[in-house]
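Structure file upload_6.cif (mmCIF, C-alpha atoms) is printed below.
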```
data_final
#
loop_
_atom_site.label_atom_id
_atom_site.label_comp_id
_atom_site.auth_asym_id
_atom_site.auth_seq_id
_atom_site.Cartn_x
_atom_site.Cartn_y
_atom_site.Cartn_z
CA SER A 54 -7.12 6.76 -19.60
CA HIS A 55 -3.96 7.42 -17.64
CA LEU A 56 -2.88 3.82 -18.11
CA SER A 57 -2.84 4.16 -21.89
CA GLU A 58 0.15 6.50 -21.53
CA PHE A 59 2.23 3.51 -20.41
CA SER A 60 3.49 1.26 -23.18
CA GLN A 61 2.35 -2.36 -22.95
CA PRO A 62 4.71 -4.43 -20.76
CA HIS A 63 6.48 -7.35 -22.43
CA PHE A 64 5.60 -9.87 -19.72
CA LEU A 65 4.39 -10.18 -16.15
CA ILE A 66 6.91 -11.02 -13.44
CA HIS A 67 5.73 -13.43 -10.76
CA PHE A 68 8.29 -13.20 -7.94
CA HIS A 69 6.69 -16.09 -6.06
CA SER A 70 7.77 -18.32 -8.96
CA VAL A 71 10.99 -16.48 -9.67
CA GLU A 72 13.05 -19.65 -9.96
CA LEU A 73 10.89 -20.70 -12.90
CA MET A 74 10.92 -17.23 -14.42
CA ILE A 75 14.64 -16.54 -14.59
CA ASP A 76 15.32 -18.77 -17.63
CA PHE A 77 12.65 -16.95 -19.61
CA CYS A 78 13.45 -13.43 -18.46
CA VAL A 79 17.21 -13.28 -18.20
CA SER A 80 17.64 -11.95 -21.74
CA MET A 81 15.55 -8.88 -20.90
CA TRP A 82 15.53 -8.49 -17.15
CA LYS A 83 17.92 -9.92 -14.63
CA ILE A 84 16.19 -10.88 -11.40
CA VAL A 85 18.76 -11.19 -8.62
CA PRO A 86 18.52 -11.78 -4.87
CA ALA A 87 18.56 -8.53 -2.94
CA ASP A 88 21.32 -7.99 -0.39
CA LEU A 89 19.53 -7.67 2.96
CA ASP A 90 20.69 -7.51 6.56
CA SER A 91 21.43 -10.85 8.21
CA ALA A 92 18.37 -10.44 10.45
CA ALA A 93 16.23 -11.00 7.33
CA VAL A 94 18.13 -14.08 6.19
CA ASN A 95 14.93 -16.06 5.60
CA TRP A 96 13.22 -13.39 3.51
CA ARG A 97 12.89 -13.92 -0.23
CA ALA A 98 13.89 -10.53 -1.64
CA PHE A 99 14.76 -9.58 -5.20
CA SER A 100 16.10 -6.68 -7.23
CA LEU A 101 15.64 -5.94 -10.93
CA GLN A 102 18.47 -4.99 -13.24
CA GLY A 103 17.73 -1.55 -14.62
CA TYR A 104 15.93 -0.46 -11.47
CA PRO A 105 18.65 0.30 -8.90
CA GLY A 106 17.16 0.82 -5.46
CA PHE A 107 14.01 -1.22 -6.12
CA ILE A 108 13.53 -4.21 -3.80
CA PHE A 109 10.65 -6.70 -3.90
CA ILE A 110 10.11 -8.82 -0.75
CA SER A 111 7.90 -11.87 -1.20
CA ASN A 112 5.57 -12.13 1.82
CA PRO A 113 7.91 -12.37 4.82
CA PHE A 114 5.08 -12.33 7.39
CA LEU A 115 4.75 -15.19 9.86
CA SER A 116 1.69 -17.34 9.25
CA GLY A 117 -1.44 -15.76 10.71
CA SER A 118 0.08 -12.34 11.35
CA GLN A 119 -1.29 -10.59 8.25
CA SER A 120 -4.74 -10.64 9.80
CA TYR A 121 -3.53 -8.18 12.44
CA TRP A 122 -2.53 -5.63 9.80
CA VAL A 123 -5.78 -6.07 7.89
CA ARG A 124 -7.69 -5.47 11.13
CA GLN A 125 -5.63 -2.33 11.80
CA CYS A 126 -6.30 -1.01 8.29
CA LEU A 127 -10.04 -1.60 8.53
CA LYS A 128 -10.84 -0.98 12.19
CA ILE A 129 -8.11 1.17 13.76
CA TYR A 130 -6.38 3.40 11.20
CA PRO A 131 -9.60 4.91 9.74
CA GLN A 132 -10.57 6.22 13.18
CA LYS A 133 -10.49 9.92 13.96
CA THR A 134 -8.39 11.95 14.10
CA ASN A 135 -6.96 10.42 10.93
CA ILE A 136 -8.40 11.68 7.64
CA CYS A 137 -10.25 9.71 4.94
CA ASN A 138 -12.04 10.34 1.64
CA LEU A 139 -15.48 10.35 3.26
CA ASP A 140 -14.51 13.41 5.32
CA MET A 141 -14.77 15.40 2.10
CA HIS A 142 -18.49 14.64 1.82
CA MET A 143 -19.77 13.73 5.29
CA SER A 144 -19.82 15.26 8.74
CA PRO A 145 -17.39 14.03 11.42
CA SER A 146 -20.25 12.44 13.37
CA ASP A 147 -21.26 10.39 10.33
CA THR A 148 -17.75 9.01 9.83
CA LYS A 149 -16.87 8.56 13.48
CA ASP A 150 -17.28 4.78 13.74
CA PHE A 151 -16.56 3.02 10.45
CA TRP A 152 -16.32 -0.35 12.04
CA GLY A 153 -19.38 -0.24 14.27
CA LYS A 154 -21.60 1.10 11.49
CA SER A 155 -20.46 -1.60 9.06
CA VAL A 156 -20.43 -4.69 11.29
CA HIS A 157 -24.07 -5.70 10.98
CA ALA A 158 -24.39 -5.32 7.21
CA LEU A 159 -21.12 -7.10 6.44
CA SER A 160 -21.62 -9.83 9.05
CA SER A 161 -25.20 -10.69 8.05
CA PRO A 162 -25.66 -10.15 4.30
CA THR A 163 -29.27 -10.51 3.20
CA GLY A 164 -28.55 -11.30 -0.41
CA LYS A 165 -30.48 -8.22 -1.45
CA LYS A 166 -28.85 -5.14 -2.89
CA GLU A 167 -28.03 -3.02 0.15
CA PRO A 168 -26.52 0.47 0.42
CA LYS A 169 -22.74 0.34 0.70
CA THR A 170 -21.36 0.36 4.21
CA LEU A 171 -18.82 2.97 5.28
CA LEU A 172 -16.07 0.37 4.94
CA GLU A 173 -17.15 -0.40 1.39
CA ARG A 174 -17.11 3.31 0.56
CA LEU A 175 -13.65 3.83 2.04
CA ARG A 176 -11.05 4.68 -0.62
CA TRP A 177 -8.14 6.27 1.25
CA VAL A 178 -6.89 7.15 4.73
CA THR A 179 -3.91 9.36 5.57
CA LEU A 180 -1.70 9.00 8.64
CA GLY A 181 0.92 11.21 10.30
CA TYR A 182 1.50 14.24 8.10
CA HIS A 183 -1.72 14.24 6.10
CA TYR A 184 -1.24 14.47 2.37
CA ASN A 185 -3.19 17.29 0.75
CA TRP A 186 -4.60 15.91 -2.50
CA ASP A 187 -5.33 19.38 -3.90
CA THR A 188 -1.95 21.05 -3.31
CA LYS A 189 0.03 17.78 -3.35
CA THR A 190 1.94 18.87 -0.27
CA TYR A 191 2.36 18.04 3.41
CA SER A 192 2.09 20.59 6.19
CA ALA A 193 3.13 20.87 9.81
CA ASN A 194 -0.38 22.12 10.53
CA SER A 195 -2.03 18.89 9.41
CA TYR A 196 -0.61 16.11 11.54
CA THR A 197 -1.73 13.31 13.86
CA PRO A 198 0.62 10.87 15.64
CA PHE A 199 1.82 8.11 13.34
CA PRO A 200 0.76 4.60 14.49
CA ALA A 201 3.54 3.08 16.59
CA ASP A 202 2.96 -0.47 15.35
CA LEU A 203 3.18 0.51 11.68
CA HIS A 204 6.34 2.53 12.38
CA LEU A 205 8.00 -0.49 14.02
CA LEU A 206 7.13 -2.67 11.02
CA SER A 207 8.50 -0.03 8.65
CA LEU A 208 11.64 0.39 10.77
CA GLN A 209 12.34 -3.35 10.63
CA VAL A 210 11.91 -3.55 6.86
CA THR A 211 13.94 -0.43 6.05
CA PHE A 212 16.74 -1.54 8.38
CA ALA A 213 16.87 -4.92 6.64
CA CYS A 214 17.12 -3.12 3.29
CA GLY A 215 20.02 -0.93 4.37
CA PHE A 216 18.24 2.20 5.61
CA PRO A 217 18.72 2.43 9.40
CA GLY A 218 17.04 5.23 11.29
CA PHE A 219 13.99 5.48 9.02
CA ASN A 220 11.37 7.82 10.48
CA SER A 221 7.79 6.95 9.51
CA GLU A 222 6.16 10.35 9.19
CA ALA A 223 3.33 9.89 6.67
CA GLY A 224 1.20 7.05 5.45
CA ILE A 225 -1.41 6.65 2.73
CA LEU A 226 -3.76 3.69 2.75
CA ASN A 227 -5.55 2.89 -0.53
CA TYR A 228 -8.60 0.63 -0.44
CA TYR A 229 -9.23 -1.20 -3.71
CA ARG A 230 -12.60 -2.68 -4.60
CA PRO A 231 -12.88 -5.00 -7.64
CA ASP A 232 -13.29 -2.08 -10.07
CA SER A 233 -10.61 0.19 -8.56
CA SER A 234 -7.25 1.12 -10.07
CA LEU A 235 -4.44 3.54 -9.35
CA GLY A 236 -3.36 5.82 -12.19
CA ILE A 237 0.17 6.63 -13.26
CA HIS A 238 1.92 8.86 -10.73
CA VAL A 239 5.19 9.53 -8.97
CA ASP A 240 5.55 10.09 -5.21
CA GLU A 241 7.63 13.26 -5.01
CA SER A 242 5.84 15.43 -2.44
CA GLU A 243 8.17 14.41 0.38
CA LEU A 244 10.92 16.95 1.06
CA ASP A 245 13.63 14.28 1.42
CA HIS A 246 13.92 11.84 -1.48
CA THR A 247 16.99 10.10 -0.07
CA ARG A 248 14.74 8.05 2.21
CA PRO A 249 12.85 5.09 0.71
CA LEU A 250 9.18 4.64 -0.07
CA LEU A 251 7.66 1.52 1.48
CA SER A 252 4.62 -0.39 0.21
CA PHE A 253 2.68 -3.20 1.93
CA SER A 254 -0.05 -5.19 0.17
CA PHE A 255 -2.90 -7.09 1.85
CA GLY A 256 -5.87 -8.98 0.45
CA GLN A 257 -6.44 -9.63 -3.23
CA SER A 258 -3.59 -9.64 -5.72
CA ALA A 259 -2.72 -6.74 -8.00
CA ILE A 260 -0.76 -5.98 -11.14
CA PHE A 261 1.90 -3.37 -10.43
CA LEU A 262 3.48 -1.38 -13.25
CA LEU A 263 6.93 0.10 -12.64
CA GLY A 264 7.92 2.66 -15.24
CA GLY A 265 10.71 5.16 -15.65
CA THR A 266 11.39 8.83 -15.01
CA CYS A 267 8.99 9.84 -17.83
CA ARG A 268 5.32 8.95 -18.06
CA GLN A 269 5.83 7.41 -21.51
CA ASP A 270 8.65 5.04 -20.48
CA PRO A 271 7.63 1.38 -21.01
CA PRO A 272 6.83 -0.30 -17.68
CA THR A 273 7.69 -3.63 -16.16
CA ALA A 274 4.62 -5.49 -14.90
CA MET A 275 4.65 -7.69 -11.83
CA TYR A 276 2.20 -9.39 -9.51
CA MET A 277 1.78 -8.26 -5.93
CA HIS A 278 0.14 -10.75 -3.60
CA SER A 279 -1.03 -10.44 -0.03
CA GLY A 280 1.90 -9.89 2.32
CA ASP A 281 4.29 -8.72 -0.40
CA MET A 282 6.37 -5.61 0.20
CA MET A 283 8.20 -3.20 -2.08
CA LEU A 284 10.86 -0.61 -1.35
CA MET A 285 11.68 2.17 -3.80
CA SER A 286 14.91 4.02 -3.10
CA GLY A 287 17.83 5.69 -4.84
CA GLN A 288 17.31 5.97 -8.58
CA SER A 289 14.01 4.10 -8.28
CA ARG A 290 12.55 6.45 -5.67
CA LEU A 291 11.02 8.84 -8.22
CA LEU A 292 9.89 6.40 -10.90
CA TYR A 293 6.37 6.47 -12.30
CA HIS A 294 4.18 3.55 -11.29
CA ALA A 295 0.56 2.42 -11.38
CA VAL A 296 -1.87 -0.34 -10.39
CA PRO A 297 -4.17 -0.99 -13.36
CA ARG A 298 -6.25 -3.68 -11.69
CA ILE A 299 -6.71 -6.07 -8.81
CA LEU A 300 -7.46 -9.74 -9.34
CA PRO A 301 -7.84 -12.98 -7.37
CA ALA A 302 -4.71 -14.78 -6.28
CA PRO A 303 -3.50 -17.34 -8.84
CA GLN A 304 -4.56 -20.95 -8.39
CA GLY A 305 -2.47 -22.73 -5.81
CA HIS A 306 -1.46 -19.52 -4.05
CA THR A 307 -2.29 -19.39 -0.34
CA THR A 308 -4.87 -16.66 0.14
CA LEU A 309 -5.22 -14.49 3.20
CA GLU A 310 -8.60 -16.10 3.96
CA MET A 311 -7.00 -19.56 3.93
CA GLU A 312 -4.23 -18.37 6.23
CA GLY A 313 -6.75 -17.06 8.74
CA CYS A 314 -5.93 -15.38 12.02
CA SER A 315 -4.24 -18.17 14.02
CA LEU A 316 -0.82 -16.81 14.93
CA THR A 317 2.13 -19.11 14.55
CA SER A 318 3.51 -20.55 17.77
CA SER A 319 6.91 -19.05 16.94
CA LEU A 320 5.64 -15.51 17.48
CA GLN A 321 7.70 -13.81 20.16
CA GLY A 322 5.97 -12.65 23.32
CA ASP A 323 7.08 -9.05 22.86
CA ALA A 324 5.93 -8.85 19.24
CA VAL A 325 3.78 -5.93 18.11
CA VAL A 326 1.28 -8.24 16.42
CA GLU A 327 -1.52 -9.58 18.57
CA LEU A 328 -4.22 -12.16 18.06
CA VAL A 329 -7.29 -10.95 16.15
CA SER A 330 -10.61 -12.09 17.58
CA GLU A 331 -12.76 -14.45 15.54
CA GLU A 332 -15.49 -11.81 15.43
CA ASP A 333 -13.16 -9.18 14.01
CA TRP A 334 -11.63 -11.60 11.52
CA ALA A 335 -15.06 -12.71 10.29
CA LEU A 336 -15.74 -9.13 9.22
CA CYS A 337 -12.22 -8.56 7.87
CA SER A 338 -12.24 -11.71 5.77
CA ARG A 339 -15.67 -10.90 4.33
CA TYR A 340 -14.36 -7.51 3.25
CA ILE A 341 -10.97 -8.68 1.99
CA HIS A 342 -12.19 -11.67 -0.06
CA ASN A 343 -12.71 -9.34 -3.04
CA SER A 344 -10.76 -6.25 -1.96
CA ARG A 345 -7.19 -5.11 -1.50
CA VAL A 346 -5.54 -2.70 0.93
CA ASN A 347 -2.22 -1.07 0.13
CA VAL A 348 -0.21 0.83 2.74
CA THR A 349 2.59 3.19 1.74
CA VAL A 350 4.88 4.69 4.36
CA ARG A 351 7.15 7.69 3.78
CA GLN A 352 9.67 9.82 5.61
CA VAL A 353 8.76 13.39 4.72
CA LEU A 354 11.58 15.44 6.26
CA GLY A 355 15.30 14.85 6.24
CA PRO A 356 17.60 15.67 9.17
CA GLY A 357 17.31 19.36 10.02
CA GLN A 358 14.58 19.98 7.44
CA ASN A 359 11.44 21.98 8.16
CA PHE A 360 8.35 22.69 6.13
CA PRO A 361 8.40 25.93 4.16
CA GLU A 362 6.11 28.62 5.51
CA THR A 363 4.26 28.65 2.21
CA PRO A 364 4.09 25.53 0.02
CA SER A 365 6.59 25.71 -2.80
CA PRO A 366 5.60 24.46 -6.26
CA LEU A 367 6.61 20.93 -7.13
CA HIS A 368 9.38 20.40 -9.63
CA ARG A 369 7.07 18.19 -11.65
CA THR A 370 3.30 18.46 -11.31
CA ASP A 371 0.99 15.51 -11.82
CA THR A 372 -2.21 17.23 -12.90
CA ALA A 373 -4.45 14.29 -12.11
CA SER A 374 -6.88 14.99 -9.30
CA LEU A 375 -7.52 12.36 -6.65
CA GLN A 376 -10.55 11.06 -8.51
CA ASN A 377 -8.41 10.65 -11.63
CA LYS A 378 -5.53 9.17 -9.69
CA ILE A 379 -7.69 6.56 -7.99
CA ASN A 380 -10.16 5.55 -10.68
CA LEU A 381 -13.39 4.57 -8.97
CA SER A 382 -16.86 3.61 -10.05
CA ALA A 383 -18.42 6.07 -7.61
CA PRO A 384 -17.37 9.49 -6.29
CA TRP A 385 -16.73 7.99 -2.87
#
```
Could you render the structure from this file as C-alpha cells?
Amino acid sequence: SHLSEFSQPHFLIHFHSVELMIDFCVSMWKIVPADLDSAAVNWRAFSLQGYPGFIFISNPFLSGSQSYWVRQCLKIYPQKTNICNLDMHMSPSDTKDFWGKSVHALSSPTGKKEPKTLLERLRWVTLGYHYNWDTKTYSANSYTPFPADLHLLSLQVTFACGFPGFNSEAGILNYYRPDSSLGIHVDESELDHTRPLLSFSFGQSAIFLLGGTCRQDPPTAMYMHSGDMMLMSGQSRLLYHAVPRILPAPQGHTTLEMEGCSLTSSLQGDAVVELVSEEDWALCSRYIHNSRVNVTVRQVLGPGQNFPETPSPLHRTDTASLQNKINLSAPW
C-alpha cells in the first residue's frame, strides 16, 4: 500500500496531553508553544522542532460551535453547484439533494441492512476553484464562489498564525468512514506555495502522519481530534503526509456528540456561527458518531498571478489516482 512507503513512526504525539508528553519526547522532538497573534491568546498551539512552519492548534472552538461546521459540511457545502465524487457516476438530478434524500434513512434506522444513503456514499467535495483529480490542476474555468463563512474562519486562523490577507480560493472536503484512509501525498497544485495550507478536523479522531520532502522520509505520527486545526507553511508547506486510519476519541476525551449543538452564551451576536436545529443535529450526530470530515483550505494564486492558458506539468507528479489516494472499500 502507499502507507508502507512511510517508515514506522517512533511514537504517537498527543497534543491534548502535551504537558505529559514533553518529558518523554524532548530527546527526539521538541514540542514548543507556537507564537500566535494576541487575539488568539487562549488558543493552545504548538510547533515541532524539525518542521518549521508547521502549527498544530488544539481545538480552539467555543463549546457547541463545531456542530455548525459539521452541519455545513454535510448539508450545505455538498449542494450544487459544488462538485463531489458522486458527480462522476450519477446524474445531477440524482445528486441534487444529499440531505433531503438521506434524512429518513439516517433518522429512522430499521436495523436491517439498507442501501447506503447519499451522505454515506460521499467521499469528497470541492469548493471555489475545483481541483481536477485527473490532471492535478486548478482552472479558471472550473470555479464556484467560495463559502463566505469558511473564508472568515480561515482568515481568522491564518491571521493568528502570522499570515494576514489570506485569500481562501479552494477547498477540499474529505469524508472518512470507518474503513477510509488517505494515502501519502503532497499538496503542490496551488500556484503560490508561500501561502499556508489549512486543515480542520471534525468528528472521529485520526492518526496523521507528517513526513518529509521525500516519500521515504520517516514520519512523525500525531492524533487529530474533533476541532483540531493544522497549518502547513514555509518549509513544511510541501511535506508529504497521510491519514492511515480514523479511530474513536480516546477515553476521557470530550466527543463532538457529547458537546452537542448548544452554543456557549459567550458567542458574540455578530458571529458567523449560528445555532443548529435539533432536527439537523440529530442527523449530523448519527452520521458523525463513526465518521470524520476533514476540510482543507488553500490559496491558489499569489498576487498578480493568473492561471496558465494550458496546464503546465507539475514539478513532482504523484501518480496515485483519486481512488488510490483515498483508499475506500467501495468505488464511491
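From CA of Gly287 in chain A back to CA of Leu263 in chain A, the distance works out to 14.5 Å.
CA of Cys337 in chain A is positioned 12.6 Å from CA of His157 in chain A.
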Go through A:Ser195, A:Thr247, A:Asn227, A:Thr273 and flag the residue nearest Ile260 in chain A, using only C-alpha atoms for the distances.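 Among A:Ser195, A:Thr247, A:Asn227, A:Thr273, it is A:Thr273 that comes nearest to Ile260 in chain A.
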Interatomic distance, CA of Ser221 in chain A to CA of Leu250 in chain A (Å, one decimal):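 Calculated distance between CA of Ser221 in chain A and CA of Leu250 in chain A is 10.0 Å.
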Could you tell me which residues the PyMOL selection byres ((chain A and resi 113) around 10) returns for this structure, as a ChimeraX atom specification? /A:93,95-98,110-112,114-116,119,210,280-282
